[in-house]
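Trainee: Dropping the structure in here first, questions after.
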Amino acid sequence: INILAIESSCDETAAAVVHNGREVRSNIISSQIDLHKLYGGVVPEIASRKHIEKINQVIEEALKEADTTLDEIDAIGVTYGPGLVGALLVGVAEAKAIAFAKNKPLIGVHHIEGHISANYIEHPDLEPPFLCLVVSGGHTHLVCVKEYGKYEILGGTRDDAVGEAYDKVARTIGLGYPGGPKIERIAREGDPDAIVFPKARIEGSPYDFSFSGLKSAVLNYINGCQMKGQEYNPADIAASFQKAAIDALVEKSMKAVDEFDMYKFAIAGGVASNGALRQAMEEACAKRDMKFYYPSPIFCTDNAAMIGAAAYYEYLAGTRHGWDLNAVPNLKLGER
Ligand code: ATP
Ligand code: MG
Ligand code: FE
């Protein structure tokens, strides 16, 4: 089964051809980062307009690189939520038009199901059940993948997503957008024990996260230094922030792993490309004799190959969407 997958939920216009859910025949990503950098974050209206400009070209490239044509495609998969409504609509309208014109099945995919499914691409042995920590720009979820397409959310963030915290801290220390990779880079030169930032505890919810307190602590620390006329070391701040964030992620994930008696653990989403997070999780999993999975960086941040992987298992499960498929900006995981 060959799936043409389309992703346009945020600031990447992406298309991919994926064979049987795990073999990526092409993966084209047109990023708008340089455009949004000027504003320090994604501007929704600009994102939608750019998607419209790019989407046909990106799809053509994906088909060409896969050395295939629409006639050889078995189904069209597309992200229909969550995300920016105007951005999502571009992909959804495009997918519907192609599916209608070529008389192919249409499969709407949840963006986070895509992030999780990115793990299938490079790990032929990975099958449910497993636990997955989703850490992206807008989500921080601990998810039990019970079967293909069946998810139970064990916990999530009460406020900011981790990626969001990375981006905000980066902006405060003047590193620019997107902040994640930049914080990771300067953190390597800093001392993770230089500053002790607080770890959030949420009474009665062992698998929930909170990152707004950590973010505020970093801002307060910087403000404090400025008021006292003290110099501060951005590398130490980055390293200490990153340590606090990763400690929280590892601690709660491993608590869930122990509680639910899982022997496979995966991470997904943009922040999953972070080397320090991978290393910390790798060590924690090794201690428990657990298998640890993570996608290559290119499959961690937004891409369409992950949507193709998810769409394949939805296809097998019989999921088909009608011409009334719409963008759902706040789509919940597990909803159809
Ligand atoms: P969502 O998937 O929740 O809708 P999104 O699609 O905007 O949000 P992703 O593309 O999955 O998010 O990931 C982008 C996020 O990942 C940004 O917040 C970015 O700072 C973060 N990120 C990317 N690389 C790294 C890294 N190396 N270290 C930490 N964070 C990173
Ligand atoms: Mg993005
Ligand atoms: Fe994403």
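How things are named: the first chain in the structure tokens is A, the next is B, and so on; residues count from 1 in each chain; ligands count from 1 in the order shown.
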List as a count of residues only the protein and nucleic acid residues lying within 8 Å of ligand 2, with only C-alpha atoms and all ligand atoms counted.

Mentor: 8

Trainee: Throw together the list of residues within 6 Å of ligand 1, counting only C-alpha atoms and all ligand atoms, and drop it here as a PyMOL selection string.

Mentor: chain A and resi 10+83+136-139+163-164+166-167+178-181+184+269-271+273-274+301-302

Trainee: Using only C-alpha atoms and all ligand atoms for the distances, tell me which of A:Ala280, A:Val257, A:Ile307, A:Ile153 is nearest to ligand 3.

Mentor: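 Smallest distance to ligand 3 is found for A:Ile307.
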
Trainee: Can you tell me which residues surround Asp258 of chain A at a distance of at most 12 Å, considering only C-alpha atoms, apart from same-chain residues fewer than 3 positions away, and format the answer as a list in words?

Mentor: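 Counting only C-alpha atoms, the residues come to Leu131, Glu251, Lys252, Ser253, Met254, Lys255, Asp261, Met262, Tyr263, Lys264, Phe265, Ala284, Cys285, Lys287, Arg288, Asp289 and Met290 of chain A.
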
Trainee: Please save C-alpha atoms of the selected residues as a PDB file, in the first residue's frame.

Mentor:
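Full text of part.pdb as output:
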ATOM      1  CA  LEU A 131       4.531   3.832  26.176  1.00  0.00           C
ATOM      2  CA  GLU A 251      11.029  10.906  36.348  1.00  0.00           C
ATOM      3  CA  LYS A 252       7.357  10.833  35.320  1.00  0.00           C
ATOM      4  CA  SER A 253       7.960   8.641  32.283  1.00  0.00           C
ATOM      5  CA  MET A 254       9.791   6.033  34.330  1.00  0.00           C
ATOM      6  CA  LYS A 255       7.119   6.119  37.006  1.00  0.00           C
ATOM      7  CA  ASP A 261       4.770  -2.872  33.440  1.00  0.00           C
ATOM      8  CA  MET A 262       5.809  -1.891  29.948  1.00  0.00           C
ATOM      9  CA  TYR A 263       8.979  -3.072  28.314  1.00  0.00           C
ATOM     10  CA  LYS A 264       9.033  -0.711  25.370  1.00  0.00           C
ATOM     11  CA  PHE A 265       9.344   3.052  25.654  1.00  0.00           C
ATOM     12  CA  ALA A 284      16.887   5.268  32.521  1.00  0.00           C
ATOM     13  CA  CYS A 285      15.564   2.592  30.159  1.00  0.00           C
ATOM     14  CA  LYS A 287      18.561   0.433  34.057  1.00  0.00           C
ATOM     15  CA  ARG A 288      15.172  -1.227  33.650  1.00  0.00           C
ATOM     16  CA  ASP A 289      16.195  -3.488  30.808  1.00  0.00           C
ATOM     17  CA  MET A 290      13.720  -1.740  28.582  1.00  0.00           C
TER      18      MET A 290
END

Trainee: Considering only strand (DSSP E) as DSSP defines it on the backbone, what residues of segment 97-329 of chain A qualify? List them as a ChimeraX atom specification.

Mentor: /A:106-110,130-135,140-147,150-156,264-268,291-293

Trainee: Pick out the closest residue to Thr13 of chain A from this set: A:Ala304, A:Met281, A:Leu154, A:Val134. Count only C-alpha atoms.

Mentor: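 The closest residue to Thr13 of chain A is A:Ala304.
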
Trainee: From segment 8-137 of chain A, collect each residue whose DSSP state is alpha helix (DSSP H) and return the set as a tab-separated table (two decimals) with N, CA and C atoms, in the first residue's frame.

Mentor:
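Written file, result_22.tsv:
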chain	number	residue	atom	x	y	z
A	33	ILE	N	10.50	28.55	8.59
A	33	ILE	CA	11.15	29.12	9.78
A	33	ILE	C	11.76	30.50	9.53
A	34	ASP	N	12.46	30.65	8.41
A	34	ASP	CA	13.13	31.93	8.14
A	34	ASP	C	12.14	33.08	8.07
A	35	LEU	N	10.93	32.77	7.59
A	35	LEU	CA	9.90	33.79	7.46
A	35	LEU	C	9.37	34.22	8.83
A	36	HIS	N	9.15	33.23	9.71
A	36	HIS	CA	8.53	33.52	11.01
A	36	HIS	C	9.55	34.02	12.05
A	37	LYS	N	10.82	33.71	11.81
A	37	LYS	CA	11.91	34.15	12.68
A	37	LYS	C	11.84	35.65	12.96
A	44	PRO	N	0.12	32.97	12.16
A	44	PRO	CA	-0.81	32.07	11.49
A	44	PRO	C	-1.18	32.47	10.06
A	45	GLU	N	-1.49	33.73	9.85
A	45	GLU	CA	-1.93	34.18	8.53
A	45	GLU	C	-0.81	34.01	7.48
A	46	ILE	N	0.41	34.32	7.89
A	46	ILE	CA	1.54	34.15	6.98
A	46	ILE	C	1.73	32.67	6.67
A	47	ALA	N	1.57	31.83	7.70
A	47	ALA	CA	1.73	30.38	7.52
A	47	ALA	C	0.74	29.86	6.47
A	48	SER	N	-0.54	30.23	6.60
A	48	SER	CA	-1.55	29.73	5.65
A	48	SER	C	-1.19	30.14	4.22
A	49	ARG	N	-0.83	31.40	4.06
A	49	ARG	CA	-0.54	31.89	2.71
A	49	ARG	C	0.64	31.16	2.09
A	50	LYS	N	1.65	30.91	2.91
A	50	LYS	CA	2.85	30.24	2.40
A	50	LYS	C	2.53	28.78	2.05
A	51	HIS	N	1.68	28.14	2.85
A	51	HIS	CA	1.28	26.76	2.53
A	51	HIS	C	0.64	26.70	1.15
A	52	ILE	N	-0.25	27.67	0.87
A	52	ILE	CA	-0.94	27.69	-0.43
A	52	ILE	C	0.07	27.82	-1.56
A	53	GLU	N	1.06	28.68	-1.36
A	53	GLU	CA	2.09	28.88	-2.39
A	53	GLU	C	2.88	27.62	-2.66
A	54	LYS	N	3.16	26.85	-1.60
A	54	LYS	CA	4.14	25.76	-1.69
A	54	LYS	C	3.56	24.37	-1.94
A	55	ILE	N	2.29	24.18	-1.58
A	55	ILE	CA	1.83	22.80	-1.42
A	55	ILE	C	1.87	21.96	-2.71
A	56	ASN	N	1.48	22.55	-3.83
A	56	ASN	CA	1.49	21.77	-5.08
A	56	ASN	C	2.90	21.31	-5.44
A	57	GLN	N	3.81	22.25	-5.30
A	57	GLN	CA	5.21	21.96	-5.63
A	57	GLN	C	5.78	20.87	-4.72
A	58	VAL	N	5.47	20.94	-3.44
A	58	VAL	CA	5.97	19.96	-2.48
A	58	VAL	C	5.42	18.56	-2.80
A	59	ILE	N	4.15	18.48	-3.16
A	59	ILE	CA	3.54	17.19	-3.51
A	59	ILE	C	4.16	16.63	-4.79
A	60	GLU	N	4.34	17.50	-5.77
A	60	GLU	CA	4.96	17.05	-7.03
A	60	GLU	C	6.36	16.49	-6.78
A	61	GLU	N	7.10	17.19	-5.95
A	61	GLU	CA	8.46	16.73	-5.62
A	61	GLU	C	8.42	15.38	-4.91
A	62	ALA	N	7.47	15.23	-4.00
A	62	ALA	CA	7.37	13.97	-3.24
A	62	ALA	C	7.08	12.81	-4.19
A	63	LEU	N	6.19	13.02	-5.15
A	63	LEU	CA	5.86	11.96	-6.11
A	63	LEU	C	7.06	11.66	-7.00
A	64	LYS	N	7.74	12.73	-7.42
A	64	LYS	CA	8.87	12.58	-8.32
A	64	LYS	C	10.01	11.82	-7.62
A	65	GLU	N	10.31	12.23	-6.40
A	65	GLU	CA	11.41	11.58	-5.68
A	65	GLU	C	11.09	10.11	-5.38
A	85	VAL	N	-5.85	26.57	12.31
A	85	VAL	CA	-6.97	26.19	11.43
A	85	VAL	C	-6.71	26.55	9.97
A	86	GLY	N	-6.21	27.75	9.72
A	86	GLY	CA	-5.96	28.18	8.34
A	86	GLY	C	-4.89	27.34	7.67
A	87	ALA	N	-3.90	26.95	8.44
A	87	ALA	CA	-2.80	26.12	7.93
A	87	ALA	C	-3.31	24.71	7.62
A	88	LEU	N	-4.05	24.14	8.56
A	88	LEU	CA	-4.61	22.80	8.37
A	88	LEU	C	-5.50	22.74	7.13
A	89	LEU	N	-6.31	23.79	6.96
A	89	LEU	CA	-7.28	23.81	5.86
A	89	LEU	C	-6.62	23.66	4.49
A	90	VAL	N	-5.43	24.20	4.35
A	90	VAL	CA	-4.73	24.11	3.06
A	90	VAL	C	-4.44	22.65	2.73
A	91	GLY	N	-3.92	21.91	3.69
A	91	GLY	CA	-3.62	20.49	3.48
A	91	GLY	C	-4.88	19.67	3.27
A	92	VAL	N	-5.90	19.95	4.08
A	92	VAL	CA	-7.15	19.18	4.00
A	92	VAL	C	-7.83	19.41	2.65
A	93	ALA	N	-7.89	20.65	2.20
A	93	ALA	CA	-8.53	20.96	0.91
A	93	ALA	C	-7.76	20.29	-0.23
A	94	GLU	N	-6.46	20.33	-0.15
A	94	GLU	CA	-5.60	19.73	-1.18
A	94	GLU	C	-5.82	18.21	-1.23
A	95	ALA	N	-5.82	17.59	-0.04
A	95	ALA	CA	-5.98	16.13	0.03
A	95	ALA	C	-7.35	15.73	-0.52
A	96	LYS	N	-8.37	16.49	-0.17
A	96	LYS	CA	-9.72	16.18	-0.65
A	96	LYS	C	-9.80	16.30	-2.17
A	97	ALA	N	-9.18	17.36	-2.69
A	97	ALA	CA	-9.22	17.58	-4.14
A	97	ALA	C	-8.54	16.43	-4.88
A	98	ILE	N	-7.38	16.00	-4.39
A	98	ILE	CA	-6.65	14.91	-5.05
A	98	ILE	C	-7.43	13.59	-4.92
A	99	ALA	N	-7.92	13.32	-3.72
A	99	ALA	CA	-8.65	12.07	-3.49
A	99	ALA	C	-9.91	12.02	-4.36
A	100	PHE	N	-10.59	13.14	-4.47
A	100	PHE	CA	-11.81	13.21	-5.29
A	100	PHE	C	-11.49	13.02	-6.77
A	101	ALA	N	-10.51	13.79	-7.23
A	101	ALA	CA	-10.17	13.75	-8.66
A	101	ALA	C	-9.67	12.38	-9.08
A	102	LYS	N	-8.92	11.71	-8.19
A	102	LYS	CA	-8.31	10.43	-8.54
A	102	LYS	C	-9.07	9.23	-7.98
A	111	HIS	N	-2.37	14.82	14.18
A	111	HIS	CA	-0.96	15.21	14.09
A	111	HIS	C	-0.08	14.49	15.12
A	112	ILE	N	-0.60	14.32	16.33
A	112	ILE	CA	0.19	13.68	17.38
A	112	ILE	C	0.28	12.16	17.14
A	113	GLU	N	-0.76	11.59	16.57
A	113	GLU	CA	-0.66	10.18	16.15
A	113	GLU	C	0.47	10.05	15.13
A	114	GLY	N	0.61	11.07	14.29
A	114	GLY	CA	1.73	11.11	13.34
A	114	GLY	C	3.07	11.13	14.07
A	115	HIS	N	3.22	12.05	15.02
A	115	HIS	CA	4.49	12.13	15.76
A	115	HIS	C	4.84	10.78	16.38
A	116	ILE	N	3.85	10.14	17.01
A	116	ILE	CA	4.10	8.84	17.65
A	116	ILE	C	4.51	7.81	16.59
A	117	SER	N	3.80	7.82	15.46
A	117	SER	CA	4.04	6.83	14.41
A	117	SER	C	5.39	7.00	13.71
A	118	ALA	N	6.02	8.17	13.89
A	118	ALA	CA	7.36	8.39	13.34
A	118	ALA	C	8.31	7.30	13.83
A	119	ASN	N	8.02	6.76	15.00
A	119	ASN	CA	8.88	5.70	15.55
A	119	ASN	C	8.83	4.40	14.74
A	120	TYR	N	7.74	4.19	13.99
A	120	TYR	CA	7.63	2.95	13.21
A	120	TYR	C	8.60	2.93	12.03
A	121	ILE	N	8.92	4.13	11.54
A	121	ILE	CA	9.67	4.24	10.29
A	121	ILE	C	11.04	3.53	10.37
A	122	GLU	N	11.76	3.77	11.44
A	122	GLU	CA	13.12	3.21	11.50
A	122	GLU	C	13.25	2.02	12.45

Trainee: If you measure from atom CA of Lys291 of chain A to atom CA of Cys144 of chain A, what distance in Å do you get, rounded to one decimal?

Mentor: 15.0 Å

Trainee: Of the candidates A:Leu325, A:Ile195, A:Leu175, A:Ile222, which shows the shortest atom-to-atom distance to Ile107 of chain A, using only C-alpha atoms?

Mentor: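 Nearest candidate to Ile107 of chain A out of A:Leu325, A:Ile195, A:Leu175, A:Ile222: A:Leu325.
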
Trainee: Using only C-alpha atoms and all ligand atoms, which of the listed residues (A:Leu70, A:Ala256, A:Ala268, A:Ile237) sits closest to ligand 3?

Mentor: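 Among A:Leu70, A:Ala256, A:Ala268, A:Ile237, it is A:Ala268 that comes nearest to ligand 3.
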
Trainee: Just want the 12 Å neighbourhood of Val17 of chain A, counted on only C-alpha atoms, with same-chain residues fewer than 2 positions away dropped. Output as a PyMOL selection string.

Mentor: chain A and resi 1-7+14-15+19-28+58-70+72-78+303-309+311-312

Trainee: Output N, CA and C atoms for every residue in the selection just made, as a compact mmCIF listing (two decimals), in the first residue's frame.

Mentor:
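What ended up in part_1.txt:
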# COMPACT_ATOMS: atom_id res chain seq x y z
N ILE A 1 0.84 -1.21 0.00
CA ILE A 1 0.00 0.00 0.00
C ILE A 1 0.87 1.25 0.00
N ASN A 2 0.67 2.11 -0.99
CA ASN A 2 1.41 3.38 -1.06
C ASN A 2 0.50 4.52 -0.65
N ILE A 3 0.97 5.30 0.32
CA ILE A 3 0.18 6.43 0.77
C ILE A 3 0.89 7.74 0.46
N LEU A 4 0.15 8.66 -0.13
CA LEU A 4 0.65 10.03 -0.27
C LEU A 4 0.16 10.79 0.94
N ALA A 5 1.10 11.31 1.73
CA ALA A 5 0.74 11.99 2.97
C ALA A 5 1.05 13.47 2.89
N ILE A 6 0.17 14.26 3.50
CA ILE A 6 0.29 15.72 3.46
C ILE A 6 0.21 16.27 4.88
N GLU A 7 1.11 17.22 5.20
CA GLU A 7 1.14 17.82 6.54
C GLU A 7 1.31 19.34 6.40
N ALA A 14 4.59 19.95 4.01
CA ALA A 14 5.30 18.70 3.80
C ALA A 14 4.44 17.66 3.08
N ALA A 15 5.11 16.86 2.25
CA ALA A 15 4.44 15.75 1.57
C ALA A 15 5.41 14.57 1.51
N HIS A 19 5.47 3.59 1.88
CA HIS A 19 5.04 2.25 1.48
C HIS A 19 4.84 1.38 2.72
N ASN A 20 3.66 0.80 2.83
CA ASN A 20 3.31 -0.07 3.96
C ASN A 20 3.66 0.51 5.33
N GLY A 21 3.51 1.80 5.46
CA GLY A 21 3.61 2.44 6.77
C GLY A 21 5.01 2.65 7.30
N ARG A 22 5.99 1.95 6.77
CA ARG A 22 7.32 2.01 7.39
C ARG A 22 8.44 2.34 6.43
N GLU A 23 8.17 2.23 5.13
CA GLU A 23 9.24 2.50 4.17
C GLU A 23 8.98 3.87 3.51
N VAL A 24 9.86 4.80 3.81
CA VAL A 24 9.70 6.17 3.31
C VAL A 24 10.32 6.28 1.93
N ARG A 25 9.46 6.47 0.92
CA ARG A 25 9.97 6.57 -0.45
C ARG A 25 10.37 8.00 -0.80
N SER A 26 9.73 8.96 -0.13
CA SER A 26 10.15 10.36 -0.26
C SER A 26 9.61 11.12 0.93
N ASN A 27 10.29 12.21 1.26
CA ASN A 27 9.90 13.00 2.43
C ASN A 27 10.34 14.44 2.18
N ILE A 28 9.43 15.24 1.65
CA ILE A 28 9.77 16.62 1.26
C ILE A 28 9.21 17.59 2.30
N VAL A 58 5.47 20.94 -3.44
CA VAL A 58 5.97 19.96 -2.48
C VAL A 58 5.42 18.56 -2.80
N ILE A 59 4.15 18.48 -3.16
CA ILE A 59 3.54 17.19 -3.51
C ILE A 59 4.16 16.63 -4.79
N GLU A 60 4.34 17.50 -5.77
CA GLU A 60 4.96 17.05 -7.03
C GLU A 60 6.36 16.49 -6.78
N GLU A 61 7.10 17.19 -5.95
CA GLU A 61 8.46 16.73 -5.62
C GLU A 61 8.42 15.38 -4.91
N ALA A 62 7.47 15.23 -4.00
CA ALA A 62 7.37 13.97 -3.24
C ALA A 62 7.08 12.81 -4.19
N LEU A 63 6.19 13.02 -5.15
CA LEU A 63 5.86 11.96 -6.11
C LEU A 63 7.06 11.66 -7.00
N LYS A 64 7.74 12.73 -7.42
CA LYS A 64 8.87 12.58 -8.32
C LYS A 64 10.01 11.82 -7.62
N GLU A 65 10.31 12.23 -6.40
CA GLU A 65 11.41 11.58 -5.68
C GLU A 65 11.09 10.11 -5.38
N ALA A 66 9.82 9.81 -5.20
CA ALA A 66 9.43 8.41 -4.96
C ALA A 66 9.32 7.64 -6.27
N ASP A 67 9.56 8.37 -7.37
CA ASP A 67 9.49 7.78 -8.70
C ASP A 67 8.13 7.13 -8.93
N THR A 68 7.07 7.87 -8.60
CA THR A 68 5.73 7.33 -8.74
C THR A 68 4.78 8.41 -9.27
N THR A 69 3.53 8.02 -9.49
CA THR A 69 2.51 8.97 -9.93
C THR A 69 1.28 8.77 -9.06
N LEU A 70 0.34 9.71 -9.17
CA LEU A 70 -0.88 9.60 -8.37
C LEU A 70 -1.63 8.30 -8.67
N GLU A 72 -0.49 5.40 -9.00
CA GLU A 72 0.05 4.28 -8.22
C GLU A 72 -0.15 4.45 -6.71
N ILE A 73 -0.77 5.56 -6.34
CA ILE A 73 -1.02 5.83 -4.92
C ILE A 73 -2.33 5.16 -4.51
N ASP A 74 -2.34 4.50 -3.34
CA ASP A 74 -3.54 3.78 -2.91
C ASP A 74 -4.47 4.60 -2.03
N ALA A 75 -3.90 5.59 -1.31
CA ALA A 75 -4.74 6.41 -0.44
C ALA A 75 -4.03 7.72 -0.14
N ILE A 76 -4.82 8.74 0.22
CA ILE A 76 -4.26 10.04 0.58
C ILE A 76 -4.46 10.23 2.09
N GLY A 77 -3.35 10.47 2.80
CA GLY A 77 -3.43 10.75 4.23
C GLY A 77 -3.13 12.21 4.47
N VAL A 78 -3.85 12.81 5.41
CA VAL A 78 -3.63 14.24 5.66
C VAL A 78 -3.88 14.58 7.13
N ASN A 303 6.83 16.62 9.78
CA ASN A 303 7.11 16.04 8.47
C ASN A 303 5.89 15.25 8.03
N ALA A 304 5.85 14.84 6.75
CA ALA A 304 4.68 14.12 6.27
C ALA A 304 4.89 12.60 6.30
N ALA A 305 6.15 12.15 6.39
CA ALA A 305 6.40 10.71 6.43
C ALA A 305 5.69 10.10 7.65
N MET A 306 5.74 10.81 8.78
CA MET A 306 5.10 10.30 10.00
C MET A 306 3.58 10.23 9.81
N ILE A 307 3.02 11.14 9.01
CA ILE A 307 1.58 11.13 8.74
C ILE A 307 1.25 9.92 7.84
N GLY A 308 2.17 9.60 6.93
CA GLY A 308 2.00 8.43 6.07
C GLY A 308 2.03 7.14 6.88
N ALA A 309 2.92 7.09 7.87
CA ALA A 309 3.01 5.90 8.74
C ALA A 309 1.71 5.72 9.51
N ALA A 311 -1.24 7.01 8.76
CA ALA A 311 -2.36 6.79 7.84
C ALA A 311 -2.45 5.33 7.39
N TYR A 312 -1.29 4.69 7.27
CA TYR A 312 -1.28 3.28 6.85
C TYR A 312 -2.04 2.40 7.84

Trainee: Find the distance between atom CA of Val169 of chain A and atom CA of His141 of chain A and write it in Å to one decimal.

Mentor: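 Taking atom CA of Val169 of chain A as the start and atom CA of His141 of chain A as the end point, the length is 20.5 Å.
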
Trainee: Point out the residue among A:Ala244, A:Ala161, A:Leu316, A:Val143 with the least atom-to-atom distance to ligand 3, counting only C-alpha atoms and all ligand atoms.

Mentor: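 Closest candidate: A:Ala161.
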